[in-house]
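As stored in coords.pdb (PDB, C-alpha atoms and all ligand atoms):
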ATOM      1  CA  MET V   1      47.296  34.020 185.080  1.00  0.00           C
ATOM      2  CA  SER V   2      44.392  35.598 186.864  1.00  0.00           C
ATOM      3  CA  LYS V   3      42.929  35.002 190.281  1.00  0.00           C
ATOM      4  CA  TYR V   4      39.406  33.635 190.273  1.00  0.00           C
ATOM      5  CA  ILE V   5      36.889  33.783 193.087  1.00  0.00           C
ATOM      6  CA  LEU V   6      33.393  32.505 193.727  1.00  0.00           C
ATOM      7  CA  ASN V   7      30.595  34.576 195.210  1.00  0.00           C
ATOM      8  CA  ARG V   8      29.414  32.709 198.305  1.00  0.00           C
ATOM      9  CA  ASN V   9      25.929  34.204 197.858  1.00  0.00           C
ATOM     10  CA  GLN V  10      23.596  32.869 195.206  1.00  0.00           C
ATOM     11  CA  GLN V  11      22.598  35.385 192.555  1.00  0.00           C
ATOM     12  CA  ASP V  12      19.240  35.635 190.834  1.00  0.00           C
ATOM     13  CA  SER V  13      18.837  33.825 187.556  1.00  0.00           C
ATOM     14  CA  LYS V  14      16.027  32.438 185.489  1.00  0.00           C
ATOM     15  CA  SER V  15      16.649  28.885 186.630  1.00  0.00           C
ATOM     16  CA  GLY V  16      16.779  29.566 190.322  1.00  0.00           C
ATOM     17  CA  GLY V  17      20.052  31.137 191.298  1.00  0.00           C
ATOM     18  CA  ASN V  18      23.718  30.454 190.793  1.00  0.00           C
ATOM     19  CA  TYR V  19      27.098  31.125 192.367  1.00  0.00           C
ATOM     20  CA  GLU V  20      29.038  33.440 190.101  1.00  0.00           C
ATOM     21  CA  LEU V  21      32.656  32.821 189.218  1.00  0.00           C
ATOM     22  CA  HIS V  22      34.652  36.052 188.765  1.00  0.00           C
ATOM     23  CA  ASN V  23      38.079  37.028 187.524  1.00  0.00           C
ATOM     24  CA  GLU V  24      39.339  39.120 190.427  1.00  0.00           C
ATOM     25  CA  ASN V  25      41.831  40.867 188.139  1.00  0.00           C
ATOM     26  CA  GLY V  26      39.182  41.682 185.546  1.00  0.00           C
ATOM     27  CA  ASN V  27      37.867  44.969 186.970  1.00  0.00           C
ATOM     28  CA  CYS V  28      34.451  43.353 187.099  1.00  0.00           C
ATOM     29  CA  ILE V  29      31.577  45.596 188.112  1.00  0.00           C
ATOM     30  CA  ARG V  30      29.864  42.673 189.820  1.00  0.00           C
ATOM     31  CA  LEU V  31      32.674  41.496 192.090  1.00  0.00           C
ATOM     32  CA  PRO V  32      31.239  40.705 195.528  1.00  0.00           C
ATOM     33  CA  ASN V  33      32.523  42.281 198.735  1.00  0.00           C
ATOM     34  CA  HIS V  34      35.706  40.710 200.074  1.00  0.00           C
ATOM     35  CA  GLU V  35      33.900  38.840 202.860  1.00  0.00           C
ATOM     36  CA  ASN V  36      31.743  37.097 200.247  1.00  0.00           C
ATOM     37  CA  ARG V  37      34.612  35.872 198.044  1.00  0.00           C
ATOM     38  CA  LEU V  38      35.648  32.209 198.094  1.00  0.00           C
ATOM     39  CA  ASP V  39      39.133  31.590 196.777  1.00  0.00           C
ATOM     40  CA  VAL V  40      39.353  29.368 193.692  1.00  0.00           C
ATOM     41  CA  GLY V  41      42.957  29.927 192.601  1.00  0.00           C
ATOM     42  CA  TYR V  42      45.040  31.207 189.711  1.00  0.00           C
ATOM     43  CA  PHE V  43      44.219  30.083 186.182  1.00  0.00           C
ATOM     44  CA  ASP V  44      44.836  31.025 182.565  1.00  0.00           C
ATOM     45  CA  ASN V  45      41.168  30.877 181.662  1.00  0.00           C
ATOM     46  CA  CYS V  46      37.729  30.722 183.220  1.00  0.00           C
ATOM     47  CA  ARG V  47      37.047  27.205 181.964  1.00  0.00           C
ATOM     48  CA  ASP V  48      39.817  25.760 184.132  1.00  0.00           C
ATOM     49  CA  ALA V  49      38.798  27.977 187.017  1.00  0.00           C
ATOM     50  CA  LYS V  50      35.198  26.825 186.753  1.00  0.00           C
ATOM     51  CA  ALA V  51      36.249  23.169 186.817  1.00  0.00           C
ATOM     52  CA  GLN V  52      38.388  23.787 189.893  1.00  0.00           C
ATOM     53  CA  ALA V  53      35.588  25.695 191.625  1.00  0.00           C
ATOM     54  CA  LYS V  54      33.272  22.714 191.132  1.00  0.00           C
ATOM     55  CA  THR V  55      35.895  20.367 192.569  1.00  0.00           C
ATOM     56  CA  LYS V  56      36.743  22.620 195.493  1.00  0.00           C
ATOM     57  CA  TYR V  57      33.159  23.477 196.454  1.00  0.00           C
ATOM     58  CA  PRO V  58      31.166  20.334 195.586  1.00  0.00           C
ATOM     59  CA  SER V  59      28.065  21.405 197.491  1.00  0.00           C
ATOM     60  CA  MET V  60      27.732  24.404 195.158  1.00  0.00           C
ATOM     61  CA  SER V  61      28.963  22.711 191.987  1.00  0.00           C
ATOM     62  CA  SER V  62      25.661  22.290 190.175  1.00  0.00           C
ATOM     63  CA  ASP V  63      24.917  26.020 190.487  1.00  0.00           C
ATOM     64  CA  ILE V  64      28.306  27.505 189.602  1.00  0.00           C
ATOM     65  CA  ASP V  65      28.278  29.753 186.542  1.00  0.00           C
ATOM     66  CA  GLY V  66      30.732  32.180 184.998  1.00  0.00           C
ATOM     67  CA  CYS V  67      29.996  35.879 185.439  1.00  0.00           C
ATOM     68  CA  TYR V  68      28.372  37.468 182.399  1.00  0.00           C
ATOM     69  CA  TYR V  69      30.785  40.408 182.537  1.00  0.00           C
ATOM     70  CA  CYS V  70      34.225  38.990 183.345  1.00  0.00           C
ATOM     71  CA  CYS V  71      33.842  35.267 182.485  1.00  0.00           C
ATOM     72  CA  ASN V  72      31.464  35.553 179.557  1.00  0.00           C
ATOM     73  CA  SER V  73      32.843  32.530 177.700  1.00  0.00           C
ATOM     74  CA  CYS V  74      31.953  30.441 180.779  1.00  0.00           C
ATOM     75  CA  HIS V  75      28.556  32.028 181.283  1.00  0.00           C
ATOM     76  CA  ASN V  76      25.551  29.752 180.727  1.00  0.00           C
ATOM     77  CA  GLU V  77      22.454  31.324 182.259  1.00  0.00           C
TER      78      GLU V  77
HETATM   79 ZN    ZN O 101      32.497  39.130 187.138  1.00  0.00          ZN
END
What does this structure look like when you write it as structure tokens?
Ligand SMILES: [Zn+2]
Amino acid sequence: MSKYILNRNQQDSKSGGNYELHNENGNCIRLPNHENRLDVGYFDNCRDAKAQAKTKYPSMSSDIDGCYYCCNSCHNE
């Protein structure tokens, strides 16, 4: 299981910005600073983590996307 977090700041993307989901245990080069991390929880894969992030943070749900680097299989934009 890995701990997943959401960046509370929207990142640039072609379609207008998204909130990146990261695997905190994945040595990701794009992990946000600690004060900008929203806790999602512990999951076996980014697909489950992404679903939970959308449930937990409904106001951000339509813009949540997996990080290209550490959650590539959940990355859309
Ligand atoms: Zn990442």
Around stretch 20-37 of chain V, fit a box with edges along x, y and z, padding it by 5 Å on each side, then list its centre and edge lengths in Å to one decimal as JSON.
{"center_x": 35.4, "center_y": 39.2, "center_z": 194.2, "size_x": 22.8, "size_y": 22.8, "size_z": 27.3}
>> Can you work out which residues are within 6 Å of ligand ZN 101 (chain O), considering all atoms listed in the file, and then hand them over as a PyMOL selection string?
In response: chain V and resi 22-23+28+30-31+67+69-70
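The interatomic distance for the pair atom CA of V:Asn9 and atom CA of V:Leu38 works out to 9.9 Å.
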> For V:Lys54, which of V:Leu21, V:Ile29, V:Cys71, V:Met1 is the closest residue, counting all atoms listed in the file?
Replying inline: V:Leu21
>> What does the structure give for the distance between atom CA of V:Asn45 and atom CA of V:Asp65, in Å to one decimal?
In response: 13.8 Å
> Interatomic distance between atom CA of V:Ser73 and atom CA of V:Ser59?
Replying inline: 23.2 Å
>> For a quick check of your reading of the model, name the residues lying within 7 Å of the coordinate (32.0, 28.7, 186.0), counting all atoms listed in the file, and write them as a PyMOL selection string.
In response: chain V and resi 20-21+46-47+49-50+64-66+74-75
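With all atoms listed in the file as the basis for measurement, V:Tyr19 is the residue among V:Tyr19, V:Ser61, V:Lys56, V:Ser2 that approaches V:Arg37 most closely.
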> Counting all atoms listed in the file, what is within 12 Å of V:Glu35, bar same-chain residues fewer than 5 positions away, as a PyMOL selection string?
Replying inline: chain V and resi 5-9
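Nearest to V:Pro32 of all the residues V:Gln11, V:Asn76, V:Asp63, V:Pro58 is V:Gln11, based on all atoms listed in the file.
For V:Glu24, the residues within 7 Å (counting all atoms listed in the file, excluding itself and residues fewer than 3 positions away along the chain) are Lys3, Tyr4, Ile5 and Asn27 of chain V.
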> Given the choices V:Met60, V:Asn25, V:Gln10, V:Thr55, which gets closest to V:Phe43 if the distance is worked out from only C-alpha atoms?
Replying inline: V:Asn25
